[in-house]
Every structure is written in structure tokens, then in C-alpha cells.
$ cat upload.cif   # mmCIF, C-alpha atoms
data_final
loop_
_atom_site.group_PDB
_atom_site.id
_atom_site.type_symbol
_atom_site.label_atom_id
_atom_site.label_comp_id
_atom_site.auth_asym_id
_atom_site.auth_seq_id
_atom_site.Cartn_x
_atom_site.Cartn_y
_atom_site.Cartn_z
ATOM 1 C CA MET H 1 -50.834 52.594 -109.608
ATOM 2 C CA LYS H 2 -54.559 53.116 -109.032
ATOM 3 C CA ASP H 3 -54.714 49.826 -107.122
ATOM 4 C CA LEU H 4 -51.672 50.781 -105.039
ATOM 5 C CA SER H 5 -53.227 54.166 -104.325
ATOM 6 C CA ASN H 6 -56.154 52.427 -102.678
ATOM 7 C CA ARG H 7 -53.831 50.171 -100.653
ATOM 8 C CA PHE H 8 -51.245 52.780 -99.609
ATOM 9 C CA PRO H 9 -52.557 56.242 -98.650
ATOM 10 C CA VAL H 10 -49.051 57.726 -98.374
ATOM 11 C CA TRP H 11 -46.390 57.616 -101.086
ATOM 12 C CA PHE H 12 -42.709 58.480 -100.583
ATOM 13 C CA CYS H 13 -41.411 59.199 -104.090
ATOM 14 C CA ASP H 14 -37.872 59.805 -105.290
ATOM 15 C CA ILE H 15 -37.279 62.747 -107.647
ATOM 16 C CA TRP H 16 -34.258 62.406 -109.987
ATOM 17 C CA GLY H 17 -34.933 59.768 -112.650
ATOM 18 C CA VAL H 18 -38.491 59.276 -111.389
ATOM 19 C CA VAL H 19 -40.257 62.648 -111.346
ATOM 20 C CA HIS H 20 -37.908 64.349 -113.817
ATOM 21 C CA ASP H 21 -34.779 63.581 -115.841
ATOM 22 C CA GLY H 22 -32.878 66.739 -114.944
ATOM 23 C CA TYR H 23 -34.406 68.759 -117.770
ATOM 24 C CA LYS H 24 -38.107 67.939 -118.026
ATOM 25 C CA PRO H 25 -40.867 66.189 -116.042
ATOM 26 C CA ILE H 26 -41.528 62.489 -116.538
ATOM 27 C CA THR H 27 -45.211 62.992 -117.270
ATOM 28 C CA PRO H 28 -46.612 59.487 -116.508
ATOM 29 C CA THR H 29 -45.105 59.747 -113.033
ATOM 30 C CA THR H 30 -46.273 63.269 -112.287
ATOM 31 C CA ASP H 31 -49.748 62.383 -113.580
ATOM 32 C CA SER H 32 -49.892 59.314 -111.323
ATOM 33 C CA LEU H 33 -48.772 61.321 -108.301
ATOM 34 C CA HIS H 34 -51.431 63.909 -109.061
ATOM 35 C CA GLN H 35 -54.098 61.216 -109.420
ATOM 36 C CA HIS H 36 -53.059 59.693 -106.094
ATOM 37 C CA ARG H 37 -53.631 63.051 -104.406
ATOM 38 C CA ILE H 38 -57.016 63.414 -106.128
ATOM 39 C CA ASN H 39 -57.789 59.935 -104.765
ATOM 40 C CA GLY H 40 -57.207 61.276 -101.250
ATOM 41 C CA GLY H 41 -53.586 60.225 -100.919
ATOM 42 C CA VAL H 42 -50.524 62.094 -99.699
ATOM 43 C CA VAL H 43 -47.299 62.404 -101.716
ATOM 44 C CA VAL H 44 -44.024 63.280 -100.016
ATOM 45 C CA LEU H 45 -41.087 63.652 -102.385
ATOM 46 C CA VAL H 46 -38.068 62.152 -100.612
ATOM 47 C CA THR H 47 -34.819 63.093 -102.306
ATOM 48 C CA ASN H 48 -31.098 62.817 -101.729
ATOM 49 C CA SER H 49 -30.660 66.338 -103.037
ATOM 50 C CA PRO H 50 -28.181 68.232 -100.840
ATOM 51 C CA ARG H 51 -30.365 71.350 -101.069
ATOM 52 C CA THR H 52 -33.126 72.429 -98.707
ATOM 53 C CA ALA H 53 -36.751 71.584 -99.461
ATOM 54 C CA SER H 54 -37.516 75.165 -100.493
ATOM 55 C CA ALA H 55 -34.576 75.169 -102.922
ATOM 56 C CA VAL H 56 -35.724 71.851 -104.456
ATOM 57 C CA GLU H 57 -39.248 73.219 -104.782
ATOM 58 C CA THR H 58 -37.863 76.140 -106.779
ATOM 59 C CA GLN H 59 -35.854 73.738 -108.941
ATOM 60 C CA LEU H 60 -38.932 71.596 -109.631
ATOM 61 C CA ALA H 61 -40.898 74.655 -110.718
ATOM 62 C CA GLU H 62 -38.086 75.651 -113.095
ATOM 63 C CA ILE H 63 -38.093 72.154 -114.632
ATOM 64 C CA GLY H 64 -41.870 72.269 -114.987
ATOM 65 C CA VAL H 65 -43.014 69.866 -112.269
ATOM 66 C CA SER H 66 -46.360 71.101 -110.961
ATOM 67 C CA HIS H 67 -47.000 71.383 -107.233
ATOM 68 C CA GLN H 68 -50.174 69.400 -107.949
ATOM 69 C CA SER H 69 -47.952 66.305 -108.010
ATOM 70 C CA TYR H 70 -46.871 66.485 -104.369
ATOM 71 C CA ASP H 71 -47.775 67.695 -100.894
ATOM 72 C CA ALA H 72 -44.308 68.187 -99.417
ATOM 73 C CA ILE H 73 -40.583 67.629 -99.990
ATOM 74 C CA VAL H 74 -38.043 66.080 -97.625
ATOM 75 C CA THR H 75 -34.390 66.326 -98.651
ATOM 76 C CA SER H 76 -31.084 64.860 -97.631
ATOM 77 C CA GLY H 77 -29.985 68.464 -97.264
ATOM 78 C CA ASP H 78 -32.593 69.014 -94.564
ATOM 79 C CA VAL H 79 -31.512 66.055 -92.438
ATOM 80 C CA THR H 80 -27.826 66.743 -93.124
ATOM 81 C CA ARG H 81 -28.209 70.109 -91.401
ATOM 82 C CA THR H 82 -28.554 68.198 -88.134
ATOM 83 C CA LEU H 83 -25.268 66.402 -88.824
ATOM 84 C CA ILE H 84 -23.618 69.741 -89.615
ATOM 85 C CA THR H 85 -24.806 71.169 -86.302
ATOM 86 C CA GLN H 86 -23.805 68.123 -84.273
ATOM 87 C CA HIS H 87 -20.550 67.121 -85.958
ATOM 88 C CA GLY H 88 -19.421 69.882 -88.318
ATOM 89 C CA GLY H 89 -17.780 72.312 -85.944
ATOM 90 C CA GLY H 90 -17.892 75.983 -86.783
ATOM 91 C CA LYS H 91 -15.582 75.844 -89.817
ATOM 92 C CA ILE H 92 -16.350 73.692 -92.859
ATOM 93 C CA PHE H 93 -14.634 73.094 -96.182
ATOM 94 C CA HIS H 94 -17.361 72.897 -98.807
ATOM 95 C CA LEU H 95 -16.770 70.199 -101.406
ATOM 96 C CA GLY H 96 -19.317 70.823 -104.136
ATOM 97 C CA PRO H 97 -20.894 73.557 -106.270
ATOM 98 C CA LYS H 98 -21.805 76.929 -104.790
ATOM 99 C CA ARG H 99 -25.453 76.420 -105.772
ATOM 100 C CA ASP H 100 -25.751 74.111 -102.748
ATOM 101 C CA TYR H 101 -24.819 76.787 -100.197
ATOM 102 C CA SER H 102 -28.480 77.106 -99.173
ATOM 103 C CA ILE H 103 -27.840 74.121 -96.912
ATOM 104 C CA TYR H 104 -26.106 76.521 -94.491
ATOM 105 C CA ASP H 105 -28.993 78.999 -94.271
ATOM 106 C CA GLY H 106 -29.594 79.901 -90.627
ATOM 107 C CA LEU H 107 -26.656 77.832 -89.343
ATOM 108 C CA ASN H 108 -23.675 79.306 -87.506
ATOM 109 C CA ILE H 109 -21.166 77.958 -90.025
ATOM 110 C CA LYS H 110 -18.200 79.538 -91.786
ATOM 111 C CA CYS H 111 -16.895 78.083 -95.053
ATOM 112 C CA VAL H 112 -13.095 78.042 -95.002
ATOM 113 C CA GLU H 113 -10.125 76.620 -96.889
ATOM 114 C CA LEU H 114 -9.240 72.970 -96.283
ATOM 115 C CA ALA H 115 -6.271 73.709 -94.000
ATOM 116 C CA ASP H 116 -8.504 75.681 -91.613
ATOM 117 C CA ALA H 117 -11.504 73.323 -91.629
ATOM 118 C CA GLU H 118 -12.858 71.258 -88.749
ATOM 119 C CA SER H 119 -14.831 69.039 -91.156
ATOM 120 C CA VAL H 120 -15.821 68.710 -94.822
ATOM 121 C CA LEU H 121 -19.327 68.949 -96.222
ATOM 122 C CA CYS H 122 -19.617 67.156 -99.559
ATOM 123 C CA THR H 123 -22.620 68.036 -101.727
ATOM 124 C CA GLY H 124 -21.111 66.782 -104.995
ATOM 125 C CA LEU H 125 -18.358 67.451 -107.500
ATOM 126 C CA PHE H 126 -17.364 71.047 -108.159
ATOM 127 C CA ASP H 127 -18.179 70.586 -111.867
ATOM 128 C CA GLU H 128 -20.307 67.456 -112.273
ATOM 129 C CA GLU H 129 -20.511 67.746 -116.064
ATOM 130 C CA LYS H 130 -16.751 67.810 -116.630
ATOM 131 C CA GLU H 131 -15.202 65.956 -113.685
ATOM 132 C CA ILE H 132 -15.169 62.365 -112.425
ATOM 133 C CA PRO H 133 -14.387 61.012 -108.927
ATOM 134 C CA SER H 134 -10.811 60.024 -109.806
ATOM 135 C CA ASP H 135 -10.053 63.721 -110.294
ATOM 136 C CA TYR H 136 -10.414 64.099 -106.518
ATOM 137 C CA THR H 137 -7.840 61.547 -105.348
ATOM 138 C CA SER H 138 -5.321 64.183 -104.284
ATOM 139 C CA LEU H 139 -7.914 66.280 -102.433
ATOM 140 C CA LEU H 140 -9.410 63.269 -100.646
ATOM 141 C CA THR H 141 -5.923 62.127 -99.640
ATOM 142 C CA SER H 142 -5.207 65.559 -98.140
ATOM 143 C CA MET H 143 -8.510 65.462 -96.243
ATOM 144 C CA ASN H 144 -7.654 62.051 -94.827
ATOM 145 C CA GLU H 145 -4.185 63.203 -93.774
ATOM 146 C CA LEU H 146 -5.879 66.030 -91.846
ATOM 147 C CA ARG H 147 -8.250 63.438 -90.305
ATOM 148 C CA LEU H 148 -11.304 65.421 -91.299
ATOM 149 C CA THR H 149 -14.773 63.900 -91.109
ATOM 150 C CA MET H 150 -16.736 64.112 -94.349
ATOM 151 C CA ILE H 151 -20.430 64.865 -93.947
ATOM 152 C CA CYS H 152 -22.029 63.621 -97.168
ATOM 153 C CA ALA H 153 -25.198 65.499 -98.056
ATOM 154 C CA ASN H 154 -26.156 63.200 -100.948
ATOM 155 C CA PRO H 155 -25.565 59.428 -100.682
ATOM 156 C CA ASP H 156 -26.410 58.951 -104.397
ATOM 157 C CA LYS H 157 -23.412 57.893 -106.475
ATOM 158 C CA VAL H 158 -24.846 58.731 -109.896
ATOM 159 C CA VAL H 159 -27.996 60.247 -111.390
ATOM 160 C CA ARG H 160 -29.227 60.459 -114.953
ATOM 161 C CA LYS H 161 -29.409 63.964 -116.415
ATOM 162 C CA GLY H 162 -31.040 63.765 -119.807
ATOM 163 C CA ASP H 163 -29.093 61.059 -121.640
ATOM 164 C CA ALA H 164 -25.963 61.370 -119.481
ATOM 165 C CA LEU H 165 -24.975 59.884 -116.117
ATOM 166 C CA ILE H 166 -23.351 62.322 -113.715
ATOM 167 C CA TYR H 167 -21.531 61.558 -110.482
ATOM 168 C CA CYS H 168 -22.843 62.662 -107.091
ATOM 169 C CA ALA H 169 -21.451 63.154 -103.589
ATOM 170 C CA GLY H 170 -21.924 59.489 -102.713
ATOM 171 C CA ALA H 171 -19.229 58.499 -105.206
ATOM 172 C CA LEU H 172 -16.716 60.776 -103.476
ATOM 173 C CA ALA H 173 -17.828 59.518 -100.069
ATOM 174 C CA GLU H 174 -17.235 55.929 -101.172
ATOM 175 C CA ASN H 175 -13.728 56.791 -102.340
ATOM 176 C CA TYR H 176 -13.029 58.633 -99.076
ATOM 177 C CA LYS H 177 -14.130 55.591 -97.067
ATOM 178 C CA ASN H 178 -11.815 53.425 -99.152
ATOM 179 C CA LEU H 179 -8.947 55.719 -98.150
ATOM 180 C CA GLY H 180 -9.827 55.180 -94.502
ATOM 181 C CA GLY H 181 -11.705 58.468 -94.037
ATOM 182 C CA LYS H 182 -14.710 58.872 -91.741
ATOM 183 C CA VAL H 183 -18.035 59.605 -93.472
ATOM 184 C CA LEU H 184 -21.397 60.576 -91.961
ATOM 185 C CA MET H 185 -24.670 60.372 -93.942
ATOM 186 C CA ALA H 186 -28.359 60.931 -93.149
ATOM 187 C CA GLY H 187 -30.084 60.652 -96.556
ATOM 188 C CA LYS H 188 -31.437 57.503 -98.190
ATOM 189 C CA PRO H 189 -30.945 54.640 -97.328
ATOM 190 C CA TYR H 190 -30.468 55.836 -93.739
ATOM 191 C CA ALA H 191 -33.301 56.136 -91.216
ATOM 192 C CA PRO H 192 -33.196 59.905 -90.401
ATOM 193 C CA ILE H 193 -34.649 60.968 -93.762
ATOM 194 C CA TYR H 194 -37.468 58.414 -93.506
ATOM 195 C CA ASN H 195 -38.255 59.483 -89.940
ATOM 196 C CA LEU H 196 -38.593 63.068 -91.160
ATOM 197 C CA ALA H 197 -40.740 61.960 -94.116
ATOM 198 C CA VAL H 198 -43.101 60.049 -91.796
ATOM 199 C CA LEU H 199 -43.379 63.045 -89.471
ATOM 200 C CA THR H 200 -44.096 65.282 -92.460
ATOM 201 C CA ALA H 201 -46.811 62.971 -93.784
ATOM 202 C CA GLU H 202 -48.380 62.636 -90.330
ATOM 203 C CA ASN H 203 -48.513 66.409 -89.997
ATOM 204 C CA ILE H 204 -50.254 66.652 -93.390
ATOM 205 C CA GLY H 205 -52.772 63.895 -92.670
ATOM 206 C CA GLY H 206 -53.226 64.705 -88.992
ATOM 207 C CA LYS H 207 -52.876 61.104 -87.833
ATOM 208 C CA HIS H 208 -50.330 58.451 -86.908
ATOM 209 C CA LEU H 209 -49.032 56.273 -89.737
ATOM 210 C CA LYS H 210 -48.101 52.605 -89.783
ATOM 211 C CA SER H 211 -45.423 51.311 -92.163
ATOM 212 C CA GLU H 212 -47.967 49.221 -94.069
ATOM 213 C CA GLN H 213 -49.746 52.444 -95.077
ATOM 214 C CA ILE H 214 -46.678 53.831 -96.869
ATOM 215 C CA LEU H 215 -45.390 52.998 -100.357
ATOM 216 C CA ALA H 216 -41.874 53.967 -101.456
ATOM 217 C CA ILE H 217 -41.125 54.674 -105.128
ATOM 218 C CA GLY H 218 -37.610 54.955 -106.537
ATOM 219 C CA ASP H 219 -34.927 53.821 -108.958
ATOM 220 C CA GLY H 220 -31.834 53.575 -106.736
ATOM 221 C CA PRO H 221 -31.078 50.019 -105.560
ATOM 222 C CA GLU H 222 -28.632 51.096 -102.843
ATOM 223 C CA THR H 223 -30.650 54.130 -101.738
ATOM 224 C CA ASP H 224 -34.384 54.046 -102.534
ATOM 225 C CA ILE H 225 -34.921 50.292 -102.414
ATOM 226 C CA LYS H 226 -32.536 49.408 -99.597
ATOM 227 C CA GLY H 227 -33.765 52.384 -97.580
ATOM 228 C CA ALA H 228 -37.392 51.334 -97.987
ATOM 229 C CA ALA H 229 -36.588 47.715 -97.146
ATOM 230 C CA ASP H 230 -34.595 48.637 -94.037
ATOM 231 C CA PHE H 231 -37.435 50.919 -92.911
ATOM 232 C CA GLY H 232 -40.032 48.197 -93.474
ATOM 233 C CA LEU H 233 -41.782 49.764 -96.466
ATOM 234 C CA SER H 234 -43.168 48.146 -99.603
ATOM 235 C CA CYS H 235 -41.865 49.708 -102.795
ATOM 236 C CA VAL H 236 -42.203 50.207 -106.524
ATOM 237 C CA LEU H 237 -38.940 49.867 -108.431
ATOM 238 C CA ILE H 238 -38.483 52.223 -111.374
ATOM 239 C CA THR H 239 -36.420 50.376 -113.975
ATOM 240 C CA GLY H 240 -35.679 53.449 -116.110
ATOM 241 C CA GLY H 241 -33.650 56.338 -114.713
ATOM 242 C CA ILE H 242 -30.104 55.354 -113.769
ATOM 243 C CA ASN H 243 -30.841 51.678 -114.471
ATOM 244 C CA GLU H 244 -32.008 51.776 -118.056
ATOM 245 C CA GLY H 245 -30.949 48.762 -120.078
ATOM 246 C CA LYS H 246 -30.016 46.607 -117.087
ATOM 247 C CA ASP H 247 -31.643 43.475 -115.693
ATOM 248 C CA LEU H 248 -32.448 45.550 -112.652
ATOM 249 C CA GLU H 249 -35.120 43.623 -110.801
ATOM 250 C CA ALA H 250 -33.060 40.445 -110.566
ATOM 251 C CA ARG H 251 -29.998 42.402 -109.469
ATOM 252 C CA VAL H 252 -31.942 44.338 -106.843
ATOM 253 C CA ARG H 253 -33.543 41.213 -105.411
ATOM 254 C CA GLN H 254 -30.055 39.762 -105.031
ATOM 255 C CA LEU H 255 -28.635 42.983 -103.567
ATOM 256 C CA VAL H 256 -31.591 43.633 -101.230
ATOM 257 C CA PRO H 257 -33.168 40.233 -100.565
ATOM 258 C CA HIS H 258 -35.511 41.654 -97.913
ATOM 259 C CA ALA H 259 -37.001 44.245 -100.295
ATOM 260 C CA LYS H 260 -40.791 44.091 -100.734
ATOM 261 C CA ILE H 261 -40.980 45.010 -104.433
ATOM 262 C CA LEU H 262 -44.614 45.132 -105.539
ATOM 263 C CA ARG H 263 -43.981 46.425 -109.068
ATOM 264 C CA ALA H 264 -40.968 46.878 -111.343
ATOM 265 C CA VAL H 265 -41.859 49.340 -114.097
ATOM 266 C CA ALA H 266 -40.076 51.782 -116.399
ATOM 267 C CA GLU H 267 -42.414 54.567 -115.304
ATOM 268 C CA LEU H 268 -45.612 54.898 -113.300
ATOM 269 C CA ASP H 269 -48.985 54.211 -114.911
ATOM 270 C CA TRP H 270 -52.204 55.139 -113.165
ATOM 271 C CA THR H 271 -54.356 52.513 -114.932
#
$ encode --input "upload.cif" --output "C-alpha cells"
Amino acid sequence: MKDLSNRFPVWFCDIWGVVHDGYKPITPTTDSLHQHRINGGVVVLVTNSPRTASAVETQLAEIGVSHQSYDAIVTSGDVTRTLITQHGGGKIFHLGPKRDYSIYDGLNIKCVELADAESVLCTGLFDEEKEIPSDYTSLLTSMNELRLTMICANPDKVVRKGDALIYCAGALAENYKNLGGKVLMAGKPYAPIYNLAVLTAENIGGKHLKSEQILAIGDGPETDIKGAADFGLSCVLITGGINEGKDLEARVRQLVPHAKILRAVAELDWT
């Protein structure tokens, strides 16, 4: 990564499965991010977390990820707030755990029961460690019958937490689409989150950035890699995380043929 630090002054790095595993930091990655900053680079953590940046910062500190590893955080929750304002209406049914309620901070939104809602905000499963998406078939069917738009705050379908894979909001959004429901998203791989990340990095560095100055790092083929490719960014593919044990690079190159993958590694290495 030392060579890539010299070539790309700005790094957009995913969090879950790359910076930490849900319980503890992934030290080679955090060390490399820190070294990049020492080398004069900027690190923006770009995550599909449905929480605000301040809430994710608190979570990282609790897990043990030092602020030395990054300059700023941009979350799917942050960009989803714009969707909530523009498309949510005043009354929302919250589909997901209560810990994600920080996404409403400062917004004129009332959380209501499904029958009274103007839209649905999905931040995940109510109990991600015990439930699976098929448990939500009845609820999603009711939402579709009410013709409610789902605003999905986290396009990720699964993340690795320790040794387990847990389902995310993106899995429910996919099922809702398959039922004919309308879904809106702004996180990776969609452009709004990258636009905000670029603006954030430009504000830190005090100068305009070109796409060839930015390196994306992530483990999600349909989110991190496709998002980087669609936005015109080169990337490093992390083959651990949610993809451990799979022939990932070949699959990703088939799934995202326009991806500019410079490295495919289990974890970052500064040397």
C-alpha cells in the first residue's frame, strides 16, 4: 500500500470487514490507513452504515479503531437523510433496530405504525442476530399492498460480524423490489455517497480532486467495487471479510467488468 499511497493521495475506505470485523479492529488495515495519513494522504471512511457519521465515530471508538486511521467518515445514513426529506413525508414506519434512530436527528419526522405511514425507512432487520429476510415476507407484502416507498439506508445485503454473516437492509430491499415495491437508495454503489465523500476530502485538503487521485478500498462486489467502477475510481479489493473462501477476484471481474482493480488482497499491507 505504500506504493499506492504515493500514487493516490486520497483513499475512500469501507469499514465493515475492512477496518473491523464487528468486534475488533483489523490491525493491518488500520496501520496502513494511519501510515497513509503520515505520508500526507487523506482517508475518508465511506460506509453503508445507516447511522450518522458521529454515531459511527462513536462505534469505531468502542470497537477500538483509533481516529489516527482516518480523517473523516461519510455514511449511507448521512446521504439517506436527503432522501427522507425529499421523499419520506412526515410520517415514517421504521424497519430496523432502534439504535439507528439517530438518522432522524434534526429532521421533522414522526415514526408511526405501518398503517399510518407515508413511507418506510429500512435500516436493517429488527434483530439481525436471530432473524433472516424470509421472516419479513408478510410485512413486506403488507407494505407493498399499501404502496409505500421503501427508503433503504444500507444497500449492503450481508456483513461479517466475527465469524458469522448477518443480513442487512439491502437484503430486505431486494426482496421488496421482487414483490414489486419501490425502493430508493443513496449509499454505495450509488453516486450521492461518493459525491459527498469527494466534497469531504476536498474540504480537508483545500483543493479540487480528480478521480485519478482517489483510491477506493472495499470488500463488497456489488457495493464497494461496482460503486468505485461506476464513479471512475481505481480500487483495492479486500478478499477477506464477507468473501472469505471464495474465488472472489474472478467473480468480481465477471460481475463488474469495468472495475479497475489494482490489488486483490486479504488485508492491507503497508510494505
$ closest_residue --input "upload.cif" --among "H:Thr239, H:Asn39, H:Ser54, H:Asn203" --to "H:Pro221" --atoms "all atoms listed in the file"
H:Thr239
$ resolve_selection --input "upload.cif" --expression "the PyMOL selection byres ((chain H and resi 19-25) around 8)" --output "number ranges by chain"
H: 14-18, 26-27, 29-30, 63-65, 160-162, 241
$ write_last_selection --input "upload.cif" --atoms "C-alpha atoms" --output "mmCIF file, in the frame of the given file"
data_model
loop_
_atom_site.group_PDB
_atom_site.id
_atom_site.type_symbol
_atom_site.label_atom_id
_atom_site.label_comp_id
_atom_site.auth_asym_id
_atom_site.auth_seq_id
_atom_site.Cartn_x
_atom_site.Cartn_y
_atom_site.Cartn_z
ATOM 1 C CA ASP H 14 -37.872 59.805 -105.290
ATOM 2 C CA ILE H 15 -37.279 62.747 -107.647
ATOM 3 C CA TRP H 16 -34.258 62.406 -109.987
ATOM 4 C CA GLY H 17 -34.933 59.768 -112.650
ATOM 5 C CA VAL H 18 -38.491 59.276 -111.389
ATOM 6 C CA ILE H 26 -41.528 62.489 -116.538
ATOM 7 C CA THR H 27 -45.211 62.992 -117.270
ATOM 8 C CA THR H 29 -45.105 59.747 -113.033
ATOM 9 C CA THR H 30 -46.273 63.269 -112.287
ATOM 10 C CA ILE H 63 -38.093 72.154 -114.632
ATOM 11 C CA GLY H 64 -41.870 72.269 -114.987
ATOM 12 C CA VAL H 65 -43.014 69.866 -112.269
ATOM 13 C CA ARG H 160 -29.227 60.459 -114.953
ATOM 14 C CA LYS H 161 -29.409 63.964 -116.415
ATOM 15 C CA GLY H 162 -31.040 63.765 -119.807
ATOM 16 C CA GLY H 241 -33.650 56.338 -114.713
#
$ resolve_selection --input "upload.cif" --expression "the PyMOL selection byres ((chain H and resi 115-125) around 7)" --output "JSON list (two decimals) with C-alpha atoms, in the frame of the given file"
[["chain", "number", "residue", "atom", "x", "y", "z"],
["H", 50, "PRO", "CA", -28.18, 68.23, -100.84],
["H", 88, "GLY", "CA", -19.42, 69.88, -88.32],
["H", 89, "GLY", "CA", -17.78, 72.31, -85.94],
["H", 91, "LYS", "CA", -15.58, 75.84, -89.82],
["H", 92, "ILE", "CA", -16.35, 73.69, -92.86],
["H", 93, "PHE", "CA", -14.63, 73.09, -96.18],
["H", 94, "HIS", "CA", -17.36, 72.90, -98.81],
["H", 95, "LEU", "CA", -16.77, 70.20, -101.41],
["H", 96, "GLY", "CA", -19.32, 70.82, -104.14],
["H", 97, "PRO", "CA", -20.89, 73.56, -106.27],
["H", 100, "ASP", "CA", -25.75, 74.11, -102.75],
["H", 112, "VAL", "CA", -13.10, 78.04, -95.00],
["H", 113, "GLU", "CA", -10.12, 76.62, -96.89],
["H", 114, "LEU", "CA", -9.24, 72.97, -96.28],
["H", 126, "PHE", "CA", -17.36, 71.05, -108.16],
["H", 127, "ASP", "CA", -18.18, 70.59, -111.87],
["H", 128, "GLU", "CA", -20.31, 67.46, -112.27],
["H", 148, "LEU", "CA", -11.30, 65.42, -91.30],
["H", 149, "THR", "CA", -14.77, 63.90, -91.11],
["H", 150, "MET", "CA", -16.74, 64.11, -94.35],
["H", 151, "ILE", "CA", -20.43, 64.86, -93.95],
["H", 152, "CYS", "CA", -22.03, 63.62, -97.17],
["H", 153, "ALA", "CA", -25.20, 65.50, -98.06],
["H", 154, "ASN", "CA", -26.16, 63.20, -100.95],
["H", 168, "CYS", "CA", -22.84, 62.66, -107.09],
["H", 169, "ALA", "CA", -21.45, 63.15, -103.59]]
$ closest_residue --input "upload.cif" --among "H:Arg99, H:Lys207, H:Lys130, H:Lys260" --to "H:Gln59" --atoms "all atoms listed in the file"
H:Arg99
$ atom_distance --input "upload.cif" --atom1 "atom CA of H:Ser69" --atom2 "atom CA of H:Leu33"
5.1 Å
$ atom_distance --input "upload.cif" --atom1 "atom CA of H:Met185" --atom2 "atom CA of H:Leu139"
19.7 Å
$ closest_residue --input "upload.cif" --among "H:Ala53, H:Met1, H:Val236, H:Val10" --to "H:Ser211" --atoms "only C-alpha atoms"
H:Val10
$ closest_residue --input "upload.cif" --among "H:Leu140, H:Leu60, H:Val79, H:Ala201" --to "H:Val42" --atoms "all atoms listed in the file"
H:Ala201
$ residues_around --input "upload.cif" --residues "H:Val46" --least-positions-apart "6" --cutoff "12 Å" --atoms "only C-alpha atoms" --output "VMD selection string"
chain H and resid 11 to 16 18 to 19 52 to 53 56 to 57 70 to 79 154 187 to 189 192 to 198 200 to 201 215 to 218 223 to 224 227 to 228
$ closest_residue --input "upload.cif" --among "H:Asn108, H:Gln213, H:Gln86, H:Asn175" --to "H:Phe8" --atoms "only C-alpha atoms"
H:Gln213
$ closest_residue --input "upload.cif" --among "H:Gly232, H:Gly240, H:Gly220, H:Gly40" --to "H:Leu255" --atoms "only C-alpha atoms"
H:Gly220
$ atom_distance --input "upload.cif" --atom1 "atom CA of H:Gly181" --atom2 "atom CA of H:Ser134"
15.9 Å
$ residues_near_point --input "upload.cif" --point "(-2.6, 59.0, -100.3)" --cutoff "12 Å" --atoms "all atoms listed in the file" --output "ChimeraX atom specification"
/H:136-146,175-176,178-181
$ resolve_selection --input "upload.cif" --expression "the PyMOL selection byres ((chain H and resi 259) around 10)" --output "PyMOL selection string"
chain H and resi 221+225-235+252-258+260-262
